[in-house]
>>> print(open('start-v7.cif').read())   # mmCIF, C-alpha atoms and all ligand atoms
data_my_file
loop_
_atom_site.label_atom_id
_atom_site.label_comp_id
_atom_site.auth_asym_id
_atom_site.auth_seq_id
_atom_site.Cartn_x
_atom_site.Cartn_y
_atom_site.Cartn_z
CA MET A 372 10.94 -3.56 -16.24
CA LYS A 373 9.22 -1.42 -13.65
CA LEU A 374 7.18 -2.13 -10.59
CA LEU A 375 4.78 -0.01 -8.56
CA PHE A 376 4.02 -1.36 -5.10
CA LEU A 377 0.59 -0.08 -4.11
CA PHE A 378 0.22 -0.68 -0.41
CA LEU A 379 -3.20 -0.40 1.22
CA ASP A 380 -2.96 -0.72 4.98
CA GLY A 381 -5.36 -3.04 6.76
CA ILE A 382 -7.40 -4.63 4.00
CA GLY A 383 -8.19 -8.31 4.09
CA LEU A 384 -10.31 -10.66 2.03
CA GLY A 385 -13.52 -10.72 4.04
CA ALA A 386 -16.90 -12.39 4.07
CA ASP A 387 -19.61 -11.68 1.49
CA ASN A 388 -21.53 -9.86 4.19
CA PRO A 389 -22.84 -6.35 3.51
CA GLU A 390 -23.44 -5.79 7.25
CA THR A 391 -19.73 -5.92 8.08
CA ASN A 392 -17.76 -5.69 4.85
CA PRO A 393 -17.57 -2.37 2.97
CA PHE A 394 -16.04 -4.18 -0.02
CA VAL A 395 -19.47 -5.80 -0.54
CA ARG A 396 -21.32 -2.51 -0.30
CA ALA A 397 -19.00 -0.13 -2.17
CA ASN A 398 -19.70 0.63 -5.78
CA MET A 399 -16.41 -0.27 -7.50
CA PRO A 400 -17.27 -0.69 -11.18
CA HIS A 401 -13.71 -0.56 -12.40
CA LEU A 402 -12.13 -3.13 -10.11
CA GLY A 403 -15.34 -5.15 -10.39
CA SER A 404 -15.05 -5.41 -14.17
CA LEU A 405 -11.36 -6.38 -13.91
CA LEU A 406 -12.39 -9.14 -11.47
CA GLY A 407 -15.01 -10.49 -13.85
CA GLY A 408 -17.88 -8.86 -11.95
CA LYS A 409 -16.79 -10.06 -8.53
CA LYS A 410 -16.32 -8.05 -5.35
CA LEU A 411 -12.93 -8.10 -3.64
CA THR A 412 -13.78 -10.65 -0.94
CA GLY A 413 -12.50 -14.06 0.11
CA SER A 414 -14.77 -15.83 -2.35
CA ALA A 415 -13.14 -14.01 -5.30
CA ALA A 416 -9.62 -15.45 -4.77
CA PRO A 417 -7.80 -16.99 -6.50
CA PHE A 418 -8.62 -15.39 -9.82
CA GLU A 419 -6.70 -14.75 -13.01
CA ASN A 420 -7.41 -13.17 -16.38
CA GLU A 421 -5.59 -11.16 -19.05
CA HIS A 422 -5.42 -8.07 -16.79
CA LEU A 423 -4.52 -9.34 -13.35
CA SER A 424 -3.95 -12.14 -10.88
CA LEU A 425 -5.64 -12.14 -7.47
CA ILE A 426 -4.07 -14.35 -4.81
CA ALA A 427 -4.96 -14.74 -1.12
CA ALA A 428 -1.80 -14.22 0.94
CA ASP A 429 -1.49 -15.23 4.58
CA PRO A 430 -0.28 -12.42 6.90
CA ASN A 431 -0.38 -14.61 10.04
CA LEU A 432 2.83 -16.40 9.05
CA GLY A 433 2.34 -19.21 11.56
CA VAL A 434 2.62 -16.86 14.54
CA LYS A 435 -0.13 -16.48 17.14
CA GLY A 436 -1.83 -13.15 17.79
CA LEU A 437 -3.24 -10.77 15.22
CA PRO A 438 -0.89 -9.48 12.52
CA GLN A 439 0.32 -5.90 13.03
CA SER A 440 1.63 -3.12 10.80
CA ALA A 441 5.29 -2.78 11.78
CA THR A 442 6.08 -6.46 11.34
CA GLY A 443 3.72 -6.91 8.37
CA GLN A 444 5.23 -4.01 6.43
CA ALA A 445 8.75 -5.12 7.36
CA VAL A 446 7.96 -8.59 5.99
CA LEU A 447 6.71 -7.04 2.75
CA LEU A 448 9.95 -5.05 2.41
CA THR A 449 12.41 -7.77 3.41
CA GLY A 450 10.80 -11.10 2.54
CA ILE A 451 11.87 -12.36 5.96
CA ASN A 452 9.30 -14.01 8.22
CA ILE A 453 10.08 -11.56 11.02
CA PRO A 454 7.12 -12.53 13.27
CA ALA A 455 8.39 -16.14 13.22
CA GLU A 456 11.96 -15.05 14.05
CA LEU A 457 10.82 -12.73 16.86
CA GLY A 458 7.92 -14.89 18.04
CA TYR A 459 5.36 -12.07 17.83
CA HIS A 460 3.54 -9.59 15.60
CA TYR A 461 4.25 -5.96 16.46
CA GLY A 462 2.93 -2.50 15.59
CA PRO A 463 1.91 -0.01 14.60
CA LYS A 464 5.44 1.52 14.67
CA PRO A 465 8.59 -0.66 14.68
CA ASN A 466 10.30 -1.40 18.00
CA PRO A 467 14.14 -1.72 17.98
CA GLU A 468 13.96 -5.45 17.13
CA VAL A 469 11.80 -4.84 14.05
CA ALA A 470 13.75 -1.70 13.13
CA GLN A 471 16.95 -3.76 12.86
CA TYR A 472 15.53 -5.68 9.93
CA LEU A 473 14.71 -2.42 8.17
CA ASP A 474 18.33 -1.35 8.47
CA GLY A 475 19.38 -4.51 6.66
CA GLU A 476 18.50 -5.72 3.19
CA THR A 477 15.15 -4.29 2.02
CA LEU A 478 13.64 -3.79 -1.41
CA PHE A 479 14.71 -0.14 -1.16
CA SER A 480 18.31 -0.88 -0.17
CA LYS A 481 18.63 -3.57 -2.84
CA ILE A 482 17.35 -1.33 -5.60
CA VAL A 483 19.71 1.47 -4.53
CA LYS A 484 22.62 -0.98 -4.48
CA ALA A 485 21.69 -2.12 -7.99
CA GLY A 486 21.97 1.50 -9.16
CA LYS A 487 18.29 1.69 -10.06
CA LYS A 488 15.78 4.45 -9.37
CA THR A 489 13.34 4.23 -6.50
CA ALA A 490 10.95 6.47 -4.57
CA LEU A 491 8.18 6.50 -2.04
CA LEU A 492 5.60 8.53 -3.95
CA ASN A 493 3.87 9.90 -0.84
CA ALA A 494 4.46 13.54 0.07
CA TYR A 495 4.72 14.26 3.77
CA PRO A 496 3.48 17.57 5.24
CA PRO A 497 5.68 19.87 7.36
CA ARG A 498 3.89 18.69 10.52
CA TYR A 499 5.15 15.16 9.91
CA PHE A 500 8.80 16.23 9.76
CA ASP A 501 8.31 18.42 12.86
CA GLY A 502 7.11 15.32 14.71
CA ILE A 503 10.07 13.24 13.53
CA ASP A 504 12.61 15.97 14.31
CA SER A 505 11.23 16.57 17.79
CA GLY A 506 11.22 12.84 18.54
CA LYS A 507 7.45 12.84 19.14
CA ARG A 508 6.78 10.75 16.08
CA LEU A 509 8.50 7.54 15.03
CA TYR A 510 8.89 6.49 11.43
CA SER A 511 6.63 3.63 10.45
CA SER A 512 8.33 0.69 8.74
CA ILE A 513 8.06 1.95 5.15
CA PRO A 514 9.61 5.44 5.56
CA LEU A 515 12.17 3.93 7.93
CA ALA A 516 13.32 1.42 5.31
CA LEU A 517 13.41 4.15 2.65
CA THR A 518 15.47 6.61 4.68
CA ASN A 519 17.79 3.81 5.84
CA ALA A 520 18.47 3.15 2.15
CA GLY A 521 19.60 6.77 1.79
CA ILE A 522 16.51 8.02 -0.05
CA SER A 523 14.66 11.10 1.22
CA LEU A 524 10.95 11.38 1.81
CA PHE A 525 9.07 13.77 -0.44
CA THR A 526 8.00 17.04 1.20
CA ASP A 527 5.25 19.61 0.68
CA LYS A 528 7.54 21.33 -1.83
CA ASP A 529 7.68 18.14 -3.89
CA TYR A 530 3.90 17.88 -3.63
CA TYR A 531 3.40 21.39 -4.99
CA GLU A 532 5.89 20.63 -7.78
CA GLY A 533 3.95 17.51 -8.77
CA LYS A 534 6.65 15.00 -7.82
CA ALA A 535 4.53 13.16 -5.26
CA LEU A 536 0.95 12.66 -4.08
CA SER A 537 -0.74 13.10 -0.74
CA ALA A 538 -1.46 9.92 1.22
CA ASP A 539 -5.19 10.12 0.45
CA PHE A 540 -4.51 10.35 -3.32
CA THR A 541 -6.69 13.46 -3.87
CA GLY A 542 -5.16 15.99 -1.47
CA GLU A 543 -8.45 16.61 0.35
CA GLY A 544 -6.79 15.67 3.64
CA TRP A 545 -4.14 18.37 3.30
CA ARG A 546 -6.90 20.95 3.01
CA GLU A 547 -9.42 19.53 5.50
CA PHE A 548 -7.24 18.07 8.24
CA LEU A 549 -4.01 20.01 7.83
CA GLY A 550 -5.70 23.28 6.90
CA ILE A 551 -3.33 24.01 4.00
CA SER A 552 -5.91 25.81 1.91
CA ASP A 553 -3.87 26.31 -1.28
CA SER A 554 -2.51 22.76 -1.55
CA PRO A 555 -3.07 20.87 -4.82
CA LEU A 556 -6.36 18.99 -5.15
CA PHE A 557 -7.07 16.28 -7.71
CA GLU A 558 -10.16 14.39 -8.83
CA PRO A 559 -9.56 10.72 -7.95
CA GLU A 560 -9.12 9.64 -11.56
CA VAL A 561 -6.64 12.44 -12.20
CA ALA A 562 -4.74 11.48 -9.03
CA GLY A 563 -4.56 7.92 -10.37
CA LYS A 564 -3.15 9.15 -13.69
CA LYS A 565 -0.63 11.24 -11.83
CA LEU A 566 0.39 8.20 -9.79
CA GLY A 567 0.87 6.19 -12.97
CA GLU A 568 2.96 8.93 -14.59
CA LEU A 569 5.15 9.30 -11.52
CA ALA A 570 5.60 5.54 -11.10
CA SER A 571 6.71 5.27 -14.73
CA GLN A 572 9.76 7.38 -13.86
CA TYR A 573 11.16 4.78 -11.44
CA ASP A 574 12.33 1.18 -11.56
CA PHE A 575 10.67 0.55 -8.22
CA SER A 576 8.15 2.92 -6.70
CA PHE A 577 6.00 2.57 -3.63
CA PHE A 578 2.79 4.26 -2.53
CA GLU A 579 1.40 3.89 0.97
CA TYR A 580 -2.30 4.39 1.74
CA TRP A 581 -3.12 4.14 5.45
CA ALA A 582 -6.65 5.55 5.83
CA SER A 583 -8.13 2.08 5.17
CA ASP A 584 -6.64 0.75 8.42
CA TYR A 585 -7.88 3.85 10.21
CA ALA A 586 -11.46 3.41 8.98
CA GLY A 587 -11.27 -0.20 10.18
CA HIS A 588 -10.21 0.83 13.68
CA LYS A 589 -12.98 3.45 13.72
CA GLN A 590 -15.50 0.88 12.39
CA ASP A 591 -16.68 3.67 10.09
CA MET A 592 -18.74 2.07 7.30
CA PRO A 593 -19.64 5.28 5.38
CA TRP A 594 -16.00 6.42 5.38
CA ALA A 595 -14.79 2.97 4.36
CA ILE A 596 -17.23 2.90 1.44
CA ARG A 597 -16.20 6.40 0.39
CA GLN A 598 -12.53 5.40 0.46
CA LEU A 599 -13.14 2.33 -1.68
CA GLU A 600 -15.20 4.25 -4.24
CA THR A 601 -12.50 6.91 -4.45
CA PHE A 602 -9.89 4.19 -4.82
CA ASP A 603 -11.83 2.60 -7.69
CA SER A 604 -11.58 5.88 -9.64
CA VAL A 605 -7.90 6.23 -8.72
CA LEU A 606 -7.31 2.74 -10.07
CA LYS A 607 -9.07 3.61 -13.33
CA GLY A 608 -6.79 6.61 -13.88
CA LEU A 609 -3.72 4.69 -12.77
CA LEU A 610 -4.22 1.82 -15.19
CA GLU A 611 -4.88 4.25 -18.04
CA ALA A 612 -1.63 6.11 -17.43
CA TRP A 613 0.44 3.03 -16.64
CA GLN A 614 1.45 1.11 -19.71
CA ALA A 615 1.00 -2.58 -18.85
CA GLU A 616 3.99 -3.53 -21.03
CA GLU A 617 6.16 -1.28 -18.87
CA GLY A 618 5.87 -3.50 -15.85
CA LEU A 619 3.75 -4.63 -12.96
CA ILE A 620 1.58 -3.04 -10.31
CA VAL A 621 1.52 -5.06 -7.09
CA LEU A 622 -1.31 -4.24 -4.71
CA THR A 623 -1.34 -5.80 -1.27
CA SER A 624 -1.71 -5.20 2.45
CA ASP A 625 -0.08 -6.01 5.79
CA HIS A 626 -3.12 -7.46 7.58
CA GLY A 627 -6.90 -7.43 7.53
CA ASN A 628 -8.99 -4.81 9.28
CA MET A 629 -11.38 -2.78 7.12
CA GLU A 630 -13.06 -5.84 5.59
CA ASP A 631 -14.68 -6.67 8.93
CA LEU A 632 -16.17 -3.65 10.66
CA SER A 633 -17.75 -5.80 13.38
CA THR A 634 -14.44 -5.44 15.22
CA ARG A 635 -12.17 -2.44 15.73
CA LYS A 636 -9.16 -4.74 15.82
CA HIS A 637 -7.10 -6.19 13.01
CA THR A 638 -8.30 -9.52 11.66
CA ALA A 639 -6.63 -12.82 10.86
CA ALA A 640 -8.04 -12.75 7.31
CA GLN A 641 -5.94 -13.49 4.25
CA VAL A 642 -4.94 -10.30 2.42
CA PRO A 643 -5.38 -9.70 -1.30
CA LEU A 644 -2.33 -9.79 -3.53
CA ILE A 645 -3.31 -8.33 -6.88
CA VAL A 646 -0.71 -8.24 -9.62
CA PHE A 647 -1.64 -6.13 -12.66
CA GLY A 648 0.26 -6.56 -15.91
CA ASN A 649 1.50 -8.94 -18.53
CA SER A 650 0.62 -12.56 -17.67
CA ASN A 651 4.16 -13.88 -18.34
CA ALA A 652 5.61 -11.23 -16.07
CA ARG A 653 3.12 -12.25 -13.39
CA ASN A 654 4.57 -15.79 -13.28
CA ASP A 655 7.06 -14.92 -10.54
CA PHE A 656 4.10 -14.33 -8.21
CA SER A 657 1.98 -17.35 -9.13
CA GLY A 658 2.83 -19.75 -6.29
CA ILE A 659 2.63 -17.24 -3.45
CA THR A 660 0.71 -18.27 -0.34
CA GLN A 661 2.04 -15.91 2.33
CA LEU A 662 3.25 -12.35 2.87
CA SER A 663 6.95 -13.22 3.14
CA GLU A 664 7.00 -14.54 -0.44
CA ILE A 665 6.08 -11.23 -2.05
CA ALA A 666 9.42 -9.38 -1.67
CA PRO A 667 11.43 -12.30 -3.13
CA ALA A 668 9.09 -12.35 -6.16
CA ILE A 669 9.57 -8.61 -6.61
CA SER A 670 13.37 -8.99 -6.31
CA LYS A 671 13.29 -11.74 -8.92
CA TYR A 672 11.16 -9.71 -11.29
CA LEU A 673 13.39 -6.63 -10.92
CA GLN A 674 16.53 -8.82 -11.08
CA LEU A 675 17.85 -7.55 -7.75
ZN ZN A 701 -4.00 -0.88 12.50
#
>>> encode(input="start-v7.cif", output="structure tokens")
Amino acid sequence: MKLLFLFLDGIGLGADNPETNPFVRANMPHLGSLLGGKKLTGSAAPFENEHLSLIAADPNLGVKGLPQSATGQAVLLTGINIPAELGYHYGPKPNPEVAQYLDGETLFSKIVKAGKKTALLNAYPPRYFDGIDSGKRLYSSIPLALTNAGISLFTDKDYYEGKALSADFTGEGWREFLGISDSPLFEPEVAGKKLGELASQYDFSFFEYWASDYAGHKQDMPWAIRQLETFDSVLKGLLEAWQAEEGLIVLTSDHGNMEDLSTRKHTAAQVPLIVFGNSNARNDFSGITQLSEIAPAISKYLQL
């Protein structure tokens, strides 16, 4: 029983409008065939077949204002409706009130307590740790929850040794933006296979992709389309390497953004919850309507 949590920041279920929604424009043959020929938009959910379940999950959680990353990710990791308890959505980085929840019971702390293996499969470059150490950079909710649970983040050394992947899957960003010219580079499908192989080594693994939220804030349609087409190939490799009988892959987000490029802000859209794997194993997720119900379903599945 294994679970890979594939987190894509800032993707909602948007309108079937090619003017504003890159999910309508992007060529995603692999995900498209898994969704019975549909695009990943609001009109596609709910959907279920032998491969996956697609559910629309509400990130607004009954709280006014647009959903934000720190609270959204903290909800995904704790199962607590934190925006309702605090009375607001907050982000991008956690404030002390949100951070408190991430020092309590999270999926990471529970899995550690249960004596099971867990990892955040992202590798972080030296520049990231310099920022944290100097106090110039704050942890976002996911690395904060991980480190609070006593697990270390993967470094550039781990990346070179093949124990983790770069946040953009392929490693292009390490070369182009970080200027590390000899860093590993993967074709998207190979990166997906690598992700599947790594995830298979853990009871609960997590991968965080944030460029989708960034493209949404930049309202950058060509970049958004490129990301989605890369992701489609990653997914192909991932599902080939990941044996469905081994467990589940849970793909979801913290809030909408990239699905509506008419605004640079987050959106109030429902977010996709896609659960890949055996249909009996997917049962724990079947009644979900909002973000706070995902962590409890994961805990139940992993018997935490
Ligand atoms: Zn954002």
>>> closest_residue(input="start-v7.cif", among="A:Glu543, A:Leu423, A:Arg635, A:Gly567", to="Lys589 (chain A)", atoms="all atoms listed in the file")
A:Arg635
>>> residues_around(input="start-v7.cif", residues="Ser650 (chain A)", least_positions_apart="3", cutoff="10 Å", atoms="all atoms listed in the file", output="NGL selection string")
:A and (419-424 or 619 or 646-647 or 653-655 or 657)
>>> residues_around(input="start-v7.cif", residues="Pro496 (chain A)", least_positions_apart="6", cutoff="10 Å", atoms="all atoms listed in the file", output="ChimeraX atom specification")
/A:525-528,530,537-538,545,549,551
>>> residues_near_point(input="start-v7.cif", point="(2.3, 1.3, -21.3)", cutoff="12 Å", atoms="all atoms listed in the file", output="tab-separated table (two decimals) with C-alpha atoms, in the coordinates of the input")
chain	number	residue	atom	x	y	z
A	372	MET	CA	10.94	-3.56	-16.24
A	373	LYS	CA	9.22	-1.42	-13.65
A	567	GLY	CA	0.87	6.19	-12.97
A	568	GLU	CA	2.96	8.93	-14.59
A	570	ALA	CA	5.60	5.54	-11.10
A	571	SER	CA	6.71	5.27	-14.73
A	609	LEU	CA	-3.72	4.69	-12.77
A	610	LEU	CA	-4.22	1.82	-15.19
A	611	GLU	CA	-4.88	4.25	-18.04
A	612	ALA	CA	-1.63	6.11	-17.43
A	613	TRP	CA	0.44	3.03	-16.64
A	614	GLN	CA	1.45	1.11	-19.71
A	615	ALA	CA	1.00	-2.58	-18.85
A	616	GLU	CA	3.99	-3.53	-21.03
A	617	GLU	CA	6.16	-1.28	-18.87
A	618	GLY	CA	5.87	-3.50	-15.85
A	619	LEU	CA	3.75	-4.63	-12.96
A	620	ILE	CA	1.58	-3.04	-10.31
A	648	GLY	CA	0.26	-6.56	-15.91
A	649	ASN	CA	1.50	-8.94	-18.53
>>> closest_residue(input="start-v7.cif", among="A:Ile382, A:Asn493, A:Leu662, A:Tyr472", to="Ser523 (chain A)", atoms="all atoms listed in the file")
A:Asn493
>>> axis_aligned_box(input="start-v7.cif", around="region 375-385 of chain A", padding_each_side="3 Å", output="JSON")
{"center_x": -4.4, "center_y": -5.4, "center_z": -0.9, "size_x": 24.3, "size_y": 16.7, "size_z": 21.3}
>>> residues_near_ligand(input="start-v7.cif", ligand="ligand ZN 701 (chain A)", cutoff="7 Å", atoms="only C-alpha atoms and all ligand atoms", output="MDAnalysis selection string")
chainID A and resid 381 439:440 463 584:585 588 637
>>> atom_distance(input="start-v7.cif", atom1="CA of Ala666 (chain A)", atom2="CA of Gly413 (chain A)")
22.5 Å
>>> decode(input="start-v7.cif", residues="region 611-632 of chain A", atoms="N, CA, C and O atoms", output="PDB file, in the first residue's frame")
ATOM      1  N   GLU A 611       3.656   4.387 -16.420  1.00  0.00           N
ATOM      2  CA  GLU A 611       4.321   3.165 -16.908  1.00  0.00           C
ATOM      3  C   GLU A 611       5.193   2.545 -15.823  1.00  0.00           C
ATOM      4  O   GLU A 611       5.227   1.334 -15.652  1.00  0.00           O
ATOM      5  N   ALA A 612       5.900   3.423 -15.089  1.00  0.00           N
ATOM      6  CA  ALA A 612       6.827   2.918 -14.069  1.00  0.00           C
ATOM      7  C   ALA A 612       6.108   2.502 -12.791  1.00  0.00           C
ATOM      8  O   ALA A 612       6.549   1.616 -12.074  1.00  0.00           O
ATOM      9  N   TRP A 613       4.993   3.169 -12.522  1.00  0.00           N
ATOM     10  CA  TRP A 613       4.254   2.933 -11.281  1.00  0.00           C
ATOM     11  C   TRP A 613       3.308   1.769 -11.491  1.00  0.00           C
ATOM     12  O   TRP A 613       2.469   1.787 -12.379  1.00  0.00           O
ATOM     13  N   GLN A 614       3.447   0.756 -10.692  1.00  0.00           N
ATOM     14  CA  GLN A 614       2.547  -0.387 -10.829  1.00  0.00           C
ATOM     15  C   GLN A 614       1.250  -0.078 -10.085  1.00  0.00           C
ATOM     16  O   GLN A 614       1.268   0.135  -8.875  1.00  0.00           O
ATOM     17  N   ALA A 615       0.142  -0.046 -10.833  1.00  0.00           N
ATOM     18  CA  ALA A 615      -1.144   0.381 -10.254  1.00  0.00           C
ATOM     19  C   ALA A 615      -1.510  -0.460  -9.024  1.00  0.00           C
ATOM     20  O   ALA A 615      -2.104   0.050  -8.083  1.00  0.00           O
ATOM     21  N   GLU A 616      -1.107  -1.750  -9.034  1.00  0.00           N
ATOM     22  CA  GLU A 616      -1.474  -2.605  -7.893  1.00  0.00           C
ATOM     23  C   GLU A 616      -0.672  -2.240  -6.640  1.00  0.00           C
ATOM     24  O   GLU A 616      -1.003  -2.655  -5.529  1.00  0.00           O
ATOM     25  N   GLU A 617       0.389  -1.447  -6.834  1.00  0.00           N
ATOM     26  CA  GLU A 617       1.204  -1.039  -5.691  1.00  0.00           C
ATOM     27  C   GLU A 617       0.512  -0.014  -4.823  1.00  0.00           C
ATOM     28  O   GLU A 617       0.834   0.136  -3.652  1.00  0.00           O
ATOM     29  N   GLY A 618      -0.370   0.776  -5.434  1.00  0.00           N
ATOM     30  CA  GLY A 618      -0.997   1.822  -4.646  1.00  0.00           C
ATOM     31  C   GLY A 618      -1.639   2.889  -5.495  1.00  0.00           C
ATOM     32  O   GLY A 618      -2.006   2.639  -6.639  1.00  0.00           O
ATOM     33  N   LEU A 619      -1.760   4.059  -4.920  1.00  0.00           N
ATOM     34  CA  LEU A 619      -2.505   5.136  -5.563  1.00  0.00           C
ATOM     35  C   LEU A 619      -1.610   6.343  -5.841  1.00  0.00           C
ATOM     36  O   LEU A 619      -0.673   6.612  -5.094  1.00  0.00           O
ATOM     37  N   ILE A 620      -1.950   7.040  -6.910  1.00  0.00           N
ATOM     38  CA  ILE A 620      -1.379   8.368  -7.150  1.00  0.00           C
ATOM     39  C   ILE A 620      -2.525   9.359  -6.990  1.00  0.00           C
ATOM     40  O   ILE A 620      -3.584   9.205  -7.609  1.00  0.00           O
ATOM     41  N   VAL A 621      -2.321  10.339  -6.121  1.00  0.00           N
ATOM     42  CA  VAL A 621      -3.335  11.364  -5.872  1.00  0.00           C
ATOM     43  C   VAL A 621      -2.806  12.695  -6.399  1.00  0.00           C
ATOM     44  O   VAL A 621      -1.788  13.192  -5.933  1.00  0.00           O
ATOM     45  N   LEU A 622      -3.489  13.210  -7.406  1.00  0.00           N
ATOM     46  CA  LEU A 622      -3.094  14.495  -8.001  1.00  0.00           C
ATOM     47  C   LEU A 622      -4.122  15.545  -7.606  1.00  0.00           C
ATOM     48  O   LEU A 622      -5.321  15.347  -7.804  1.00  0.00           O
ATOM     49  N   THR A 623      -3.653  16.642  -7.034  1.00  0.00           N
ATOM     50  CA  THR A 623      -4.590  17.712  -6.722  1.00  0.00           C
ATOM     51  C   THR A 623      -3.850  19.035  -6.589  1.00  0.00           C
ATOM     52  O   THR A 623      -2.656  19.129  -6.861  1.00  0.00           O
ATOM     53  N   SER A 624      -4.592  20.071  -6.192  1.00  0.00           N
ATOM     54  CA  SER A 624      -4.039  21.413  -6.108  1.00  0.00           C
ATOM     55  C   SER A 624      -4.578  22.129  -4.876  1.00  0.00           C
ATOM     56  O   SER A 624      -5.456  21.616  -4.177  1.00  0.00           O
ATOM     57  N   ASP A 625      -4.039  23.327  -4.632  1.00  0.00           N
ATOM     58  CA  ASP A 625      -4.458  24.102  -3.457  1.00  0.00           C
ATOM     59  C   ASP A 625      -5.518  25.155  -3.787  1.00  0.00           C
ATOM     60  O   ASP A 625      -6.269  25.578  -2.918  1.00  0.00           O
ATOM     61  N   HIS A 626      -5.543  25.577  -5.055  1.00  0.00           N
ATOM     62  CA  HIS A 626      -6.491  26.608  -5.489  1.00  0.00           C
ATOM     63  C   HIS A 626      -6.361  26.737  -6.998  1.00  0.00           C
ATOM     64  O   HIS A 626      -5.366  26.293  -7.589  1.00  0.00           O
ATOM     65  N   GLY A 627      -7.342  27.384  -7.618  1.00  0.00           N
ATOM     66  CA  GLY A 627      -7.252  27.636  -9.050  1.00  0.00           C
ATOM     67  C   GLY A 627      -6.381  28.842  -9.342  1.00  0.00           C
ATOM     68  O   GLY A 627      -6.155  29.692  -8.471  1.00  0.00           O
ATOM     69  N   ASN A 628      -5.863  28.890 -10.564  1.00  0.00           N
ATOM     70  CA  ASN A 628      -5.102  30.040 -11.037  1.00  0.00           C
ATOM     71  C   ASN A 628      -4.853  29.901 -12.542  1.00  0.00           C
ATOM     72  O   ASN A 628      -5.390  30.659 -13.339  1.00  0.00           O
ATOM     73  N   MET A 629      -4.079  28.872 -12.913  1.00  0.00           N
ATOM     74  CA  MET A 629      -3.639  28.750 -14.301  1.00  0.00           C
ATOM     75  C   MET A 629      -4.773  28.470 -15.282  1.00  0.00           C
ATOM     76  O   MET A 629      -4.627  28.722 -16.478  1.00  0.00           O
ATOM     77  N   GLU A 630      -5.903  27.959 -14.783  1.00  0.00           N
ATOM     78  CA  GLU A 630      -6.993  27.614 -15.700  1.00  0.00           C
ATOM     79  C   GLU A 630      -7.768  28.841 -16.176  1.00  0.00           C
ATOM     80  O   GLU A 630      -8.656  28.718 -17.019  1.00  0.00           O
ATOM     81  N   ASP A 631      -7.444  30.006 -15.626  1.00  0.00           N
ATOM     82  CA  ASP A 631      -8.107  31.231 -16.078  1.00  0.00           C
ATOM     83  C   ASP A 631      -7.068  32.344 -16.193  1.00  0.00           C
ATOM     84  O   ASP A 631      -6.788  33.055 -15.234  1.00  0.00           O
ATOM     85  N   LEU A 632      -6.528  32.488 -17.391  1.00  0.00           N
ATOM     86  CA  LEU A 632      -5.447  33.466 -17.589  1.00  0.00           C
ATOM     87  C   LEU A 632      -5.992  34.865 -17.888  1.00  0.00           C
ATOM     88  O   LEU A 632      -5.223  35.767 -18.211  1.00  0.00           O
TER      89      LEU A 632
END
